[in-house]
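Participant: My structure is in target11.cif, and what it holds is mmCIF, C-alpha atoms:
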```
data_coords
#
loop_
_atom_site.group_PDB
_atom_site.id
_atom_site.type_symbol
_atom_site.label_atom_id
_atom_site.label_comp_id
_atom_site.auth_asym_id
_atom_site.auth_seq_id
_atom_site.Cartn_x
_atom_site.Cartn_y
_atom_site.Cartn_z
ATOM 1 C CA MET A 308 -21.606 45.208 -24.704
ATOM 2 C CA THR A 309 -22.342 43.874 -28.167
ATOM 3 C CA GLU A 310 -22.252 45.862 -31.369
ATOM 4 C CA HIS A 311 -25.367 46.059 -33.447
ATOM 5 C CA GLY A 312 -24.982 44.553 -36.875
ATOM 6 C CA HIS A 313 -26.349 47.500 -38.807
ATOM 7 C CA ASP A 314 -24.313 50.262 -40.233
ATOM 8 C CA HIS A 315 -23.660 53.152 -37.876
ATOM 9 C CA HIS A 316 -21.204 55.909 -37.235
ATOM 10 C CA HIS A 317 -18.535 55.431 -34.679
ATOM 11 C CA PRO A 318 -19.394 57.465 -31.657
ATOM 12 C CA ARG A 319 -17.045 60.287 -30.849
ATOM 13 C CA PRO A 320 -15.138 59.785 -27.605
ATOM 14 C CA ASP A 321 -17.258 62.499 -26.040
ATOM 15 C CA SER A 322 -20.385 60.531 -26.724
ATOM 16 C CA GLN A 323 -18.965 57.497 -24.962
ATOM 17 C CA VAL A 324 -17.961 59.511 -21.978
ATOM 18 C CA ALA A 325 -21.355 61.242 -22.007
ATOM 19 C CA LEU A 326 -22.998 57.838 -21.784
ATOM 20 C CA ARG A 327 -20.691 56.970 -18.951
ATOM 21 C CA ALA A 328 -21.647 60.123 -17.076
ATOM 22 C CA ARG A 329 -25.307 59.323 -17.564
ATOM 23 C CA ALA A 330 -24.808 55.743 -16.357
ATOM 24 C CA LEU A 331 -23.042 56.930 -13.227
ATOM 25 C CA GLU A 332 -25.771 59.447 -12.546
ATOM 26 C CA ALA A 333 -28.431 56.738 -12.921
ATOM 27 C CA LEU A 334 -26.520 54.489 -10.555
ATOM 28 C CA LEU A 335 -26.203 57.225 -7.951
ATOM 29 C CA ALA A 336 -29.931 57.927 -8.188
ATOM 30 C CA GLU A 337 -30.735 54.231 -7.872
ATOM 31 C CA LYS A 338 -28.631 53.989 -4.723
ATOM 32 C CA GLY A 339 -30.398 57.016 -3.314
ATOM 33 C CA LEU A 340 -27.119 58.916 -3.097
ATOM 34 C CA VAL A 341 -27.888 61.750 -5.444
ATOM 35 C CA ALA A 342 -31.157 63.001 -6.857
ATOM 36 C CA ALA A 343 -31.146 64.465 -10.343
ATOM 37 C CA ASP A 344 -32.705 67.718 -9.183
ATOM 38 C CA ALA A 345 -29.851 68.288 -6.726
ATOM 39 C CA ILE A 346 -27.416 68.016 -9.630
ATOM 40 C CA ASP A 347 -29.631 70.257 -11.750
ATOM 41 C CA ALA A 348 -29.447 72.943 -9.093
ATOM 42 C CA VAL A 349 -25.657 72.879 -8.987
ATOM 43 C CA VAL A 350 -25.260 72.766 -12.746
ATOM 44 C CA GLU A 351 -27.644 75.627 -13.318
ATOM 45 C CA LEU A 352 -25.823 77.735 -10.816
ATOM 46 C CA TYR A 353 -22.383 77.034 -12.203
ATOM 47 C CA GLU A 354 -23.346 77.372 -15.824
ATOM 48 C CA ARG A 355 -25.396 80.510 -15.654
ATOM 49 C CA ASP A 356 -25.326 82.361 -12.416
ATOM 50 C CA VAL A 357 -21.641 82.866 -11.955
ATOM 51 C CA GLY A 358 -19.604 84.581 -14.582
ATOM 52 C CA PRO A 359 -18.710 87.937 -15.998
ATOM 53 C CA GLN A 360 -22.021 87.998 -17.875
ATOM 54 C CA ASN A 361 -23.704 89.163 -14.659
ATOM 55 C CA GLY A 362 -21.414 92.169 -14.493
ATOM 56 C CA ALA A 363 -21.856 92.744 -18.211
ATOM 57 C CA ARG A 364 -25.606 93.007 -17.713
ATOM 58 C CA VAL A 365 -25.059 95.529 -14.952
ATOM 59 C CA VAL A 366 -22.868 97.662 -17.216
ATOM 60 C CA ALA A 367 -25.250 97.423 -20.174
ATOM 61 C CA ARG A 368 -28.114 98.512 -17.946
ATOM 62 C CA ALA A 369 -26.051 101.451 -16.720
ATOM 63 C CA TRP A 370 -25.374 102.435 -20.338
ATOM 64 C CA THR A 371 -29.034 102.407 -21.304
ATOM 65 C CA ASP A 372 -30.715 103.599 -18.123
ATOM 66 C CA PRO A 373 -29.292 106.834 -16.653
ATOM 67 C CA ALA A 374 -31.327 106.474 -13.454
ATOM 68 C CA PHE A 375 -29.911 102.990 -12.889
ATOM 69 C CA ARG A 376 -26.434 104.294 -13.572
ATOM 70 C CA GLU A 377 -26.915 106.907 -10.878
ATOM 71 C CA ARG A 378 -28.120 104.307 -8.386
ATOM 72 C CA LEU A 379 -25.241 102.012 -9.326
ATOM 73 C CA LEU A 380 -22.609 104.644 -8.706
ATOM 74 C CA ALA A 381 -24.295 105.704 -5.460
ATOM 75 C CA ASP A 382 -24.687 102.204 -4.014
ATOM 76 C CA GLY A 383 -23.347 99.341 -6.105
ATOM 77 C CA THR A 384 -24.529 96.594 -3.795
ATOM 78 C CA LYS A 385 -28.140 97.776 -3.835
ATOM 79 C CA ALA A 386 -28.171 98.424 -7.569
ATOM 80 C CA VAL A 387 -26.857 94.997 -8.582
ATOM 81 C CA ALA A 388 -29.366 93.420 -6.200
ATOM 82 C CA GLU A 389 -32.084 94.998 -8.376
ATOM 83 C CA LEU A 390 -30.895 92.673 -11.136
ATOM 84 C CA GLY A 391 -30.823 89.725 -8.763
ATOM 85 C CA PHE A 392 -27.076 89.629 -8.228
ATOM 86 C CA GLY A 393 -25.420 89.530 -4.877
ATOM 87 C CA GLY A 394 -24.182 87.206 -2.241
ATOM 88 C CA VAL A 395 -21.803 87.093 0.625
ATOM 89 C CA GLU A 396 -18.858 88.531 -1.230
ATOM 90 C CA ALA A 397 -20.758 91.413 -2.753
ATOM 91 C CA ASP A 398 -21.604 92.872 0.603
ATOM 92 C CA THR A 399 -20.077 96.156 -0.360
ATOM 93 C CA LEU A 400 -19.750 96.554 -4.074
ATOM 94 C CA VAL A 401 -18.507 99.892 -5.305
ATOM 95 C CA ALA A 402 -18.980 100.750 -8.974
ATOM 96 C CA VAL A 403 -16.451 103.187 -10.408
ATOM 97 C CA ALA A 404 -17.140 104.810 -13.761
ATOM 98 C CA ASN A 405 -14.590 105.575 -16.455
ATOM 99 C CA THR A 406 -14.791 109.001 -18.047
ATOM 100 C CA PRO A 407 -12.850 110.649 -20.886
ATOM 101 C CA THR A 408 -10.329 111.824 -18.279
ATOM 102 C CA VAL A 409 -10.345 109.003 -15.686
ATOM 103 C CA HIS A 410 -9.630 105.321 -16.176
ATOM 104 C CA ASN A 411 -10.271 102.932 -13.280
ATOM 105 C CA VAL A 412 -8.582 99.625 -12.679
ATOM 106 C CA VAL A 413 -9.006 97.075 -9.889
ATOM 107 C CA VAL A 414 -6.420 95.074 -8.032
ATOM 108 C CA CYS A 415 -6.168 93.219 -4.758
ATOM 109 C CA THR A 416 -2.703 93.835 -3.391
ATOM 110 C CA LEU A 417 -3.137 91.552 -0.381
ATOM 111 C CA CYS A 418 -4.628 88.451 -1.934
ATOM 112 C CA SER A 419 -7.250 88.019 -4.643
ATOM 113 C CA CYS A 420 -10.436 89.684 -3.431
ATOM 114 C CA TYR A 421 -12.759 89.915 -6.387
ATOM 115 C CA PRO A 422 -16.447 90.717 -6.944
ATOM 116 C CA TRP A 423 -17.309 87.193 -8.066
ATOM 117 C CA PRO A 424 -21.117 87.484 -7.830
ATOM 118 C CA VAL A 425 -20.888 89.857 -10.790
ATOM 119 C CA LEU A 426 -17.635 88.763 -12.422
ATOM 120 C CA GLY A 427 -17.392 85.046 -11.690
ATOM 121 C CA LEU A 428 -13.988 83.712 -10.805
ATOM 122 C CA PRO A 429 -10.849 85.804 -11.039
ATOM 123 C CA PRO A 430 -8.420 85.091 -13.847
ATOM 124 C CA THR A 431 -5.076 83.588 -12.885
ATOM 125 C CA TRP A 432 -3.140 86.756 -13.646
ATOM 126 C CA TYR A 433 -5.319 88.713 -11.246
ATOM 127 C CA LYS A 434 -3.980 86.542 -8.441
ATOM 128 C CA SER A 435 -0.370 86.716 -9.555
ATOM 129 C CA PRO A 436 2.111 88.639 -7.393
ATOM 130 C CA PRO A 437 3.496 90.670 -10.345
ATOM 131 C CA TYR A 438 0.056 92.019 -11.273
ATOM 132 C CA ARG A 439 -0.767 92.786 -7.655
ATOM 133 C CA ALA A 440 2.458 94.669 -7.047
ATOM 134 C CA ARG A 441 2.989 96.341 -10.395
ATOM 135 C CA MET A 442 -0.550 97.576 -10.982
ATOM 136 C CA VAL A 443 -0.061 99.873 -8.030
ATOM 137 C CA ALA A 444 3.512 100.887 -8.809
ATOM 138 C CA GLU A 445 3.261 101.377 -12.569
ATOM 139 C CA PRO A 446 -0.335 101.023 -13.776
ATOM 140 C CA ARG A 447 0.282 102.695 -17.122
ATOM 141 C CA ALA A 448 3.009 100.228 -18.018
ATOM 142 C CA VAL A 449 0.961 97.231 -16.903
ATOM 143 C CA LEU A 450 -2.068 98.386 -18.891
ATOM 144 C CA ARG A 451 0.157 98.818 -21.928
ATOM 145 C CA GLU A 452 1.160 95.164 -21.552
ATOM 146 C CA PHE A 453 -2.538 94.309 -21.618
ATOM 147 C CA GLY A 454 -2.702 96.180 -24.911
ATOM 148 C CA LEU A 455 -4.394 99.224 -23.438
ATOM 149 C CA GLU A 456 -2.613 102.439 -24.362
ATOM 150 C CA LEU A 457 -4.056 105.400 -22.487
ATOM 151 C CA PRO A 458 -3.299 109.018 -23.405
ATOM 152 C CA ASP A 459 -1.083 110.778 -20.870
ATOM 153 C CA GLU A 460 -3.852 113.172 -19.903
ATOM 154 C CA VAL A 461 -6.059 110.319 -18.701
ATOM 155 C CA GLU A 462 -5.690 109.814 -14.979
ATOM 156 C CA ILE A 463 -5.474 106.190 -13.849
ATOM 157 C CA ARG A 464 -7.145 105.345 -10.558
ATOM 158 C CA VAL A 465 -6.175 102.038 -8.999
ATOM 159 C CA TRP A 466 -8.682 100.542 -6.584
ATOM 160 C CA ASP A 467 -7.378 98.083 -4.021
ATOM 161 C CA SER A 468 -10.010 95.479 -3.141
ATOM 162 C CA SER A 469 -10.395 94.086 0.315
ATOM 163 C CA ALA A 470 -12.508 91.505 2.079
ATOM 164 C CA GLU A 471 -15.039 94.251 2.802
ATOM 165 C CA VAL A 472 -15.078 96.281 -0.395
ATOM 166 C CA ARG A 473 -15.042 95.005 -3.986
ATOM 167 C CA TYR A 474 -14.934 97.175 -7.066
ATOM 168 C CA LEU A 475 -16.565 96.988 -10.448
ATOM 169 C CA VAL A 476 -15.360 99.213 -13.272
ATOM 170 C CA VAL A 477 -18.120 100.708 -15.403
ATOM 171 C CA PRO A 478 -16.426 101.350 -18.752
ATOM 172 C CA MET A 479 -17.513 104.020 -21.200
ATOM 173 C CA ARG A 480 -20.000 102.958 -23.827
ATOM 174 C CA PRO A 481 -18.137 102.654 -27.122
ATOM 175 C CA ALA A 482 -19.016 104.993 -29.974
ATOM 176 C CA GLY A 483 -21.134 103.573 -32.758
ATOM 177 C CA THR A 484 -23.350 101.444 -30.519
ATOM 178 C CA ASP A 485 -26.420 103.678 -30.490
ATOM 179 C CA GLY A 486 -28.756 101.208 -32.117
ATOM 180 C CA LEU A 487 -27.811 98.224 -29.976
ATOM 181 C CA THR A 488 -30.145 96.569 -27.496
ATOM 182 C CA GLU A 489 -29.158 96.130 -23.896
ATOM 183 C CA GLU A 490 -28.467 92.471 -24.562
ATOM 184 C CA ALA A 491 -26.236 93.213 -27.545
ATOM 185 C CA LEU A 492 -24.418 95.845 -25.511
ATOM 186 C CA SER A 493 -23.745 93.419 -22.678
ATOM 187 C CA ALA A 494 -21.957 91.154 -25.148
ATOM 188 C CA LEU A 495 -19.393 93.930 -25.688
ATOM 189 C CA VAL A 496 -18.493 94.037 -22.008
ATOM 190 C CA THR A 497 -15.771 91.534 -21.278
ATOM 191 C CA ARG A 498 -14.489 90.569 -17.889
ATOM 192 C CA ASP A 499 -11.305 92.564 -18.403
ATOM 193 C CA CYS A 500 -13.330 95.707 -19.174
ATOM 194 C CA MET A 501 -14.846 95.457 -15.715
ATOM 195 C CA ILE A 502 -11.474 94.914 -14.045
ATOM 196 C CA GLY A 503 -10.141 97.840 -16.038
ATOM 197 C CA THR A 504 -7.442 96.098 -18.042
ATOM 198 C CA ALA A 505 -9.387 96.569 -21.282
ATOM 199 C CA VAL A 506 -12.059 98.826 -22.743
ATOM 200 C CA PRO A 507 -15.074 97.646 -24.726
ATOM 201 C CA GLN A 508 -14.792 97.716 -28.495
ATOM 202 C CA ALA A 509 -17.837 98.340 -30.651
ATOM 203 C CA GLY A 510 -16.948 95.443 -32.890
ATOM 204 C CA SER A 511 -15.755 92.983 -30.263
ATOM 205 C CA PRO A 512 -17.700 89.833 -29.326
ATOM 206 C CA MET B 550 -24.726 72.869 3.603
ATOM 207 C CA SER B 551 -26.719 76.070 3.612
ATOM 208 C CA ALA B 552 -23.811 78.252 2.522
ATOM 209 C CA ALA B 553 -24.470 80.459 -0.475
ATOM 210 C CA PRO B 554 -24.083 78.238 -3.535
ATOM 211 C CA GLY B 555 -21.652 80.692 -5.070
ATOM 212 C CA ALA B 556 -19.454 80.266 -2.055
ATOM 213 C CA ARG B 557 -19.398 76.563 -2.768
ATOM 214 C CA LEU B 558 -17.936 77.224 -6.165
ATOM 215 C CA ALA B 559 -15.338 79.511 -4.634
ATOM 216 C CA GLU B 560 -14.526 76.706 -2.233
ATOM 217 C CA VAL B 561 -14.253 74.131 -4.999
ATOM 218 C CA ASP B 562 -12.029 76.522 -6.886
ATOM 219 C CA ALA B 563 -9.728 76.984 -3.920
ATOM 220 C CA GLU B 564 -9.600 73.289 -3.116
ATOM 221 C CA LEU B 565 -8.753 72.229 -6.649
ATOM 222 C CA ALA B 566 -6.348 75.034 -7.528
ATOM 223 C CA GLY B 567 -3.220 73.965 -9.400
ATOM 224 C CA ARG B 568 -2.982 70.847 -11.507
ATOM 225 C CA THR B 569 -6.488 69.727 -10.697
ATOM 226 C CA ALA B 570 -8.081 73.154 -11.338
ATOM 227 C CA LEU B 571 -11.423 73.317 -13.150
ATOM 228 C CA PRO B 572 -11.042 74.124 -16.871
ATOM 229 C CA ARG B 573 -11.718 77.777 -17.570
ATOM 230 C CA ASP B 574 -11.691 80.207 -20.403
ATOM 231 C CA ASN B 575 -11.552 83.923 -19.715
ATOM 232 C CA GLY B 576 -12.376 83.147 -16.104
ATOM 233 C CA GLU B 577 -15.540 81.260 -16.941
ATOM 234 C CA LEU B 578 -15.972 77.574 -16.378
ATOM 235 C CA VAL B 579 -15.823 75.648 -19.624
ATOM 236 C CA PHE B 580 -18.576 73.154 -20.349
ATOM 237 C CA GLU B 581 -18.329 72.034 -23.945
ATOM 238 C CA GLU B 582 -21.086 69.496 -23.577
ATOM 239 C CA PRO B 583 -23.793 69.087 -20.976
ATOM 240 C CA TRP B 584 -22.293 65.901 -19.513
ATOM 241 C CA GLN B 585 -19.307 67.909 -18.292
ATOM 242 C CA GLY B 586 -21.530 70.126 -16.190
ATOM 243 C CA ARG B 587 -23.422 67.052 -14.951
ATOM 244 C CA ALA B 588 -20.113 65.486 -13.914
ATOM 245 C CA LEU B 589 -19.142 68.566 -11.932
ATOM 246 C CA GLY B 590 -22.593 68.747 -10.326
ATOM 247 C CA MET B 591 -22.426 65.065 -9.386
ATOM 248 C CA GLY B 592 -19.084 65.599 -7.708
ATOM 249 C CA VAL B 593 -20.316 68.553 -5.663
ATOM 250 C CA VAL B 594 -23.451 66.722 -4.544
ATOM 251 C CA VAL B 595 -21.696 63.408 -3.841
ATOM 252 C CA LEU B 596 -19.165 65.130 -1.606
ATOM 253 C CA GLU B 597 -21.910 66.935 0.244
ATOM 254 C CA ARG B 598 -23.911 63.778 0.761
ATOM 255 C CA THR B 599 -21.036 61.496 1.717
ATOM 256 C CA GLY B 600 -19.103 64.021 3.761
ATOM 257 C CA ALA B 601 -15.983 63.212 1.760
ATOM 258 C CA SER B 602 -13.522 66.095 1.664
ATOM 259 C CA TRP B 603 -12.306 67.940 -1.405
ATOM 260 C CA ALA B 604 -8.784 66.915 -0.396
ATOM 261 C CA GLU B 605 -9.826 63.283 -0.695
ATOM 262 C CA PHE B 606 -11.469 63.885 -4.057
ATOM 263 C CA ARG B 607 -8.509 65.909 -5.245
ATOM 264 C CA ARG B 608 -6.184 62.975 -4.544
ATOM 265 C CA HIS B 609 -8.291 60.693 -6.775
ATOM 266 C CA LEU B 610 -8.600 63.414 -9.421
ATOM 267 C CA ALA B 611 -4.861 64.032 -9.562
ATOM 268 C CA ALA B 612 -4.256 60.291 -9.973
ATOM 269 C CA ALA B 613 -6.869 60.032 -12.729
ATOM 270 C CA ILE B 614 -5.411 63.004 -14.602
ATOM 271 C CA ARG B 615 -1.955 61.425 -14.426
ATOM 272 C CA GLN B 616 -3.244 58.092 -15.714
ATOM 273 C CA HIS B 617 -5.248 59.538 -18.586
ATOM 274 C CA PRO B 618 -3.594 62.524 -20.209
ATOM 275 C CA PRO B 619 -5.634 64.063 -23.057
ATOM 276 C CA GLU B 620 -5.592 61.939 -26.196
ATOM 277 C CA PRO B 621 -4.806 63.509 -29.548
ATOM 278 C CA GLY B 622 -7.892 65.376 -30.680
ATOM 279 C CA GLU B 623 -9.441 65.323 -27.259
ATOM 280 C CA SER B 624 -10.133 68.700 -25.702
ATOM 281 C CA ALA B 625 -8.699 69.630 -22.329
ATOM 282 C CA ALA B 626 -12.165 69.987 -20.808
ATOM 283 C CA SER B 627 -13.279 66.605 -22.099
ATOM 284 C CA ALA B 628 -10.147 64.896 -20.748
ATOM 285 C CA TYR B 629 -10.523 66.712 -17.450
ATOM 286 C CA TYR B 630 -14.122 65.729 -16.870
ATOM 287 C CA ALA B 631 -13.452 62.149 -17.981
ATOM 288 C CA ALA B 632 -10.794 62.039 -15.262
ATOM 289 C CA TRP B 633 -13.347 63.631 -12.959
ATOM 290 C CA LEU B 634 -15.685 60.676 -13.530
ATOM 291 C CA ASP B 635 -12.799 58.256 -12.855
ATOM 292 C CA ALA B 636 -12.076 60.065 -9.614
ATOM 293 C CA LEU B 637 -15.694 60.053 -8.532
ATOM 294 C CA GLU B 638 -15.990 56.334 -9.189
ATOM 295 C CA ALA B 639 -12.737 55.658 -7.335
ATOM 296 C CA LEU B 640 -13.905 57.657 -4.338
ATOM 297 C CA LEU B 641 -17.276 55.911 -4.237
ATOM 298 C CA THR B 642 -15.643 52.511 -4.612
ATOM 299 C CA GLU B 643 -13.159 53.228 -1.865
ATOM 300 C CA ARG B 644 -16.012 54.160 0.431
ATOM 301 C CA GLY B 645 -17.901 50.996 -0.420
ATOM 302 C CA LEU B 646 -20.723 52.871 -2.109
ATOM 303 C CA LEU B 647 -20.101 51.394 -5.540
ATOM 304 C CA PRO B 648 -19.079 47.826 -6.287
#
```
As structure tokens, please, write out the structure in this file.

Facilitator:
Amino acid sequence: MTEHGHDHHHPRPDSQVALRARALEALLAEKGLVAADAIDAVVELYERDVGPQNGARVVARAWTDPAFRERLLADGTKAVAELGFGGVEADTLVAVANTPTVHNVVVCTLCSCYPWPVLGLPPTWYKSPPYRARMVAEPRAVLREFGLELPDEVEIRVWDSSAEVRYLVVPMRPAGTDGLTEEALSALVTRDCMIGTAVPQAGSP
Amino acid sequence: MSAAPGARLAEVDAELAGRTALPRDNGELVFEEPWQGRALGMGVVVLERTGASWAEFRRHLAAAIRQHPPEPGESAASAYYAAWLDALEALLTERGLLP
């Protein structure tokens, strides 16, 4: 490849590698190996459809729509399907709501069962033997290590996931969020809030 | 082939766990620039179409990651997906699908 004579900025390494990715994609299309729309489908799915933002939308809806909240707590699988979420591993999704006196947290003591259609992929610590063992034995201490200090009078309920049943924690809506839209509310709901190792903060991302 | 697409990602995740694991932040896949997502998508589709296994791809990916550690100033995701392209090309070359 020859350089053009005129003045130009040096491309960042990313730009070079982006060109390389495009060239490979063009070559694959030319050889009939891969059509662009097949790649589009995969990319779209991975970028948007899988991730804790699905669960965050579920929680935000539950915060703003009491009837939805009721349906969610009665039958999690059916309620999340209303929003278009589901899939093989959400066959039985149980939503458990935090209250001023009950805090829920999810674990999988046997392996790493996780409601990925609503939460995406589990974090590494969720799969770690210490988390799996200790969350059952001493949840209050583990939550403290996550930076979540719960008053003694709050009961902690630990939900053990299985291949058949997955859990989603519905945290309490933080104070001072009355004027927020559903979309803005969903941004407050992090993955950890829905596992139960954190609670949403009004000022958090 | 007709498995739920989400299951495919779970499969990819399981197959590449460890040193060749997909870059993530807070559990979400990291795509800093669109080409990184395209690279991942190409890999998934190429393996489906060629019948190559994730174990085979993983071998090429591990080798590529070893040969090209992140350069100063290069992000982990960028280095990872550059290695991903290396691995994809190596796999296609080995199978006689690329010169």

Participant: Between A:Val413, A:Met479, A:Val449, A:Leu326, which is the closest to A:Arg464 once you count all atoms listed in the file?

Facilitator: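 Selected residue with least distance to A:Arg464: A:Val413.
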
Participant: Report the residues retrieved by the PyMOL selection byres ((chain B and resi 635) around 12) from the displayed file, expressed as a PyMOL selection string.

Facilitator: (chain A and resi 324+327-328+331) or (chain B and resi 588+592+606-617+628-634+636-642)

Participant: Which of these, B:Ala570, B:Ala625, B:Val594, B:Ala563, has the shortest distance to chain A once you count all atoms listed in the file?

Facilitator: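 Among the listed residues, B:Val594 lies closest to chain A.
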
Participant: Give me, as a ChimeraX atom specification, all polymer residues having an atom no more than 10 Å from A:Val506, counting all atoms listed in the file and skipping those fewer than 3 positions away in the same chain.

Facilitator: /A:405,410,454-455,477-481,495-503,509

Participant: If I take atom CA of B:Gly567 and atom CA of A:Thr416, how far is one from the other in Å, to one decimal?

Facilitator: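 Taking atom CA of B:Gly567 as the start and atom CA of A:Thr416 as the end point, the length is 20.8 Å.
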
Participant: Do you have the atom CA of A:Leu380-atom CA of A:Val401 distance handy?

Facilitator: 7.1 Å

Participant: With all atoms listed in the file as the atoms that count, which of B:Ala601, B:Val579, B:Arg573, B:Trp584 lies nearest to chain A?

Facilitator: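 With all atoms listed in the file as the atom set, the closest residue is B:Trp584.
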
Participant: Show me, as a short mmCIF file (atom, residue, chain, number, x, y, z; two decimals) with C-alpha atoms, in the coordinates of the input, the residues that have an atom within 10 Å of A:Leu457 when counting all atoms listed in the file, minus same-chain residues fewer than 5 positions from it.

Facilitator:
```
data_model
loop_
_atom_site.label_atom_id
_atom_site.label_comp_id
_atom_site.auth_asym_id
_atom_site.auth_seq_id
_atom_site.Cartn_x
_atom_site.Cartn_y
_atom_site.Cartn_z
CA THR A 408 -10.33 111.82 -18.28
CA VAL A 409 -10.34 109.00 -15.69
CA HIS A 410 -9.63 105.32 -16.18
CA ARG A 447 0.28 102.70 -17.12
CA ALA A 448 3.01 100.23 -18.02
CA LEU A 450 -2.07 98.39 -18.89
CA ARG A 451 0.16 98.82 -21.93
CA GLU A 462 -5.69 109.81 -14.98
CA ILE A 463 -5.47 106.19 -13.85
#
```

Participant: Let me know the residues the PyMOL selection byres ((chain A and resi 400) around 7) catches in the file above, as an MDAnalysis selection string.

Facilitator: chainID A and resid 383:384 397:399 401:402 472:474

Participant: Please write the residues from the selection above to a file, keeping C-alpha atoms, as a compact mmCIF listing (two decimals), in the frame of the given file.

Facilitator:
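Saved file again06.txt follows:
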```txt
# COMPACT_ATOMS: atom_id res chain seq x y z
CA GLY A 383 -23.35 99.34 -6.10
CA THR A 384 -24.53 96.59 -3.80
CA ALA A 397 -20.76 91.41 -2.75
CA ASP A 398 -21.60 92.87 0.60
CA THR A 399 -20.08 96.16 -0.36
CA VAL A 401 -18.51 99.89 -5.30
CA ALA A 402 -18.98 100.75 -8.97
CA VAL A 472 -15.08 96.28 -0.40
CA ARG A 473 -15.04 95.00 -3.99
CA TYR A 474 -14.93 97.18 -7.07
```

Participant: Find, counting all atoms listed in the file, the residue in B:Ser602, B:Ser627, B:Leu596, B:Leu571 that gets nearest to chain A.

Facilitator: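 Ranking B:Ser602, B:Ser627, B:Leu596, B:Leu571 by distance to chain A, first place goes to B:Ser627.
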
Participant: Find the residues near A:Trp432: any atom within 12 Å, counting all atoms listed in the file, skip ones fewer than 5 places away on the same chain, and give them as a ChimeraX atom specification.

Facilitator: /A:414-415,418-419,437-442,449,453,499,502,504 /B:575-576

Participant: Could you work out an axis-aligned box for stretch 625-628 of chain B, taking every atom the file lists and adding 8 Å on each side, and report centre and edge lengths in Å to one decimal, as AutoDock Vina command-line options?

Facilitator:
```
--center_x -11.0 --center_y 67.4 --center_z -21.5 --size_x 20.6 --size_y 21.1 --size_z 17.6
```

Participant: Could you state the separation of atom CA of A:Ile346 and atom CA of B:Gly590 in Å, given to one decimal place?

Facilitator: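 Here the two named atoms are 4.9 Å from each other.
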
Participant: My list of candidates is B:Trp603, B:Met591, B:Pro621, B:Pro648. Which is closest to chain A when distances are computed with only C-alpha atoms?

Facilitator: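 Counting only C-alpha atoms, the residue closest to chain A is B:Met591.
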
Participant: Considering all atoms listed in the file, can you say which of B:Phe580, B:Glu560, B:Leu565, B:Glu605 comes closest to chain A?

Facilitator: B:Phe580

Participant: Can you list, as an NGL selection string, the residues that the PyMOL selection byres ((chain A and resi 426) around 7) selects here?

Facilitator: :A and (358-359 or 361-362 or 422-425 or 427-428 or 498)

Participant: Can you pull out every residue within 12 Å of A:Thr484, counting all atoms listed in the file, but drop anything in the same chain fewer than 6 positions away, and send it as an MDAnalysis selection string?

Facilitator: chainID A and resid 367 370:371 490:495 507:511

Participant: Could I see stretch 612-623 of chain B restored to N, CA and C atoms, set down as a PDB file, keeping the file's coordinate frame?

Facilitator:
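The result, written out as out23.pdb:
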```
ATOM      1  N   ALA B 612      -4.694  61.606  -9.489  1.00  0.00           N
ATOM      2  CA  ALA B 612      -4.256  60.291  -9.973  1.00  0.00           C
ATOM      3  C   ALA B 612      -4.880  59.991 -11.333  1.00  0.00           C
ATOM      4  N   ALA B 613      -6.170  60.306 -11.470  1.00  0.00           N
ATOM      5  CA  ALA B 613      -6.869  60.032 -12.729  1.00  0.00           C
ATOM      6  C   ALA B 613      -6.304  60.875 -13.863  1.00  0.00           C
ATOM      7  N   ILE B 614      -5.975  62.121 -13.571  1.00  0.00           N
ATOM      8  CA  ILE B 614      -5.411  63.004 -14.602  1.00  0.00           C
ATOM      9  C   ILE B 614      -4.050  62.480 -15.048  1.00  0.00           C
ATOM     10  N   ARG B 615      -3.274  61.998 -14.093  1.00  0.00           N
ATOM     11  CA  ARG B 615      -1.955  61.425 -14.426  1.00  0.00           C
ATOM     12  C   ARG B 615      -2.105  60.195 -15.320  1.00  0.00           C
ATOM     13  N   GLN B 616      -3.090  59.351 -14.976  1.00  0.00           N
ATOM     14  CA  GLN B 616      -3.244  58.092 -15.714  1.00  0.00           C
ATOM     15  C   GLN B 616      -3.814  58.298 -17.113  1.00  0.00           C
ATOM     16  N   HIS B 617      -4.608  59.327 -17.275  1.00  0.00           N
ATOM     17  CA  HIS B 617      -5.248  59.538 -18.586  1.00  0.00           C
ATOM     18  C   HIS B 617      -5.008  60.945 -19.097  1.00  0.00           C
ATOM     19  N   PRO B 618      -3.821  61.213 -19.596  1.00  0.00           N
ATOM     20  CA  PRO B 618      -3.594  62.524 -20.209  1.00  0.00           C
ATOM     21  C   PRO B 618      -4.475  62.652 -21.456  1.00  0.00           C
ATOM     22  N   PRO B 619      -4.768  63.884 -21.894  1.00  0.00           N
ATOM     23  CA  PRO B 619      -5.634  64.063 -23.057  1.00  0.00           C
ATOM     24  C   PRO B 619      -5.096  63.299 -24.270  1.00  0.00           C
ATOM     25  N   GLU B 620      -5.995  62.630 -24.975  1.00  0.00           N
ATOM     26  CA  GLU B 620      -5.592  61.939 -26.196  1.00  0.00           C
ATOM     27  C   GLU B 620      -5.559  62.950 -27.334  1.00  0.00           C
ATOM     28  N   PRO B 621      -4.828  62.588 -28.403  1.00  0.00           N
ATOM     29  CA  PRO B 621      -4.806  63.509 -29.548  1.00  0.00           C
ATOM     30  C   PRO B 621      -6.244  63.780 -30.008  1.00  0.00           C
ATOM     31  N   GLY B 622      -6.552  65.029 -30.213  1.00  0.00           N
ATOM     32  CA  GLY B 622      -7.892  65.376 -30.680  1.00  0.00           C
ATOM     33  C   GLY B 622      -8.909  65.524 -29.567  1.00  0.00           C
ATOM     34  N   GLU B 623      -8.509  65.175 -28.365  1.00  0.00           N
ATOM     35  CA  GLU B 623      -9.441  65.323 -27.259  1.00  0.00           C
ATOM     36  C   GLU B 623      -9.224  66.681 -26.601  1.00  0.00           C
TER      37      GLU B 623
END
```
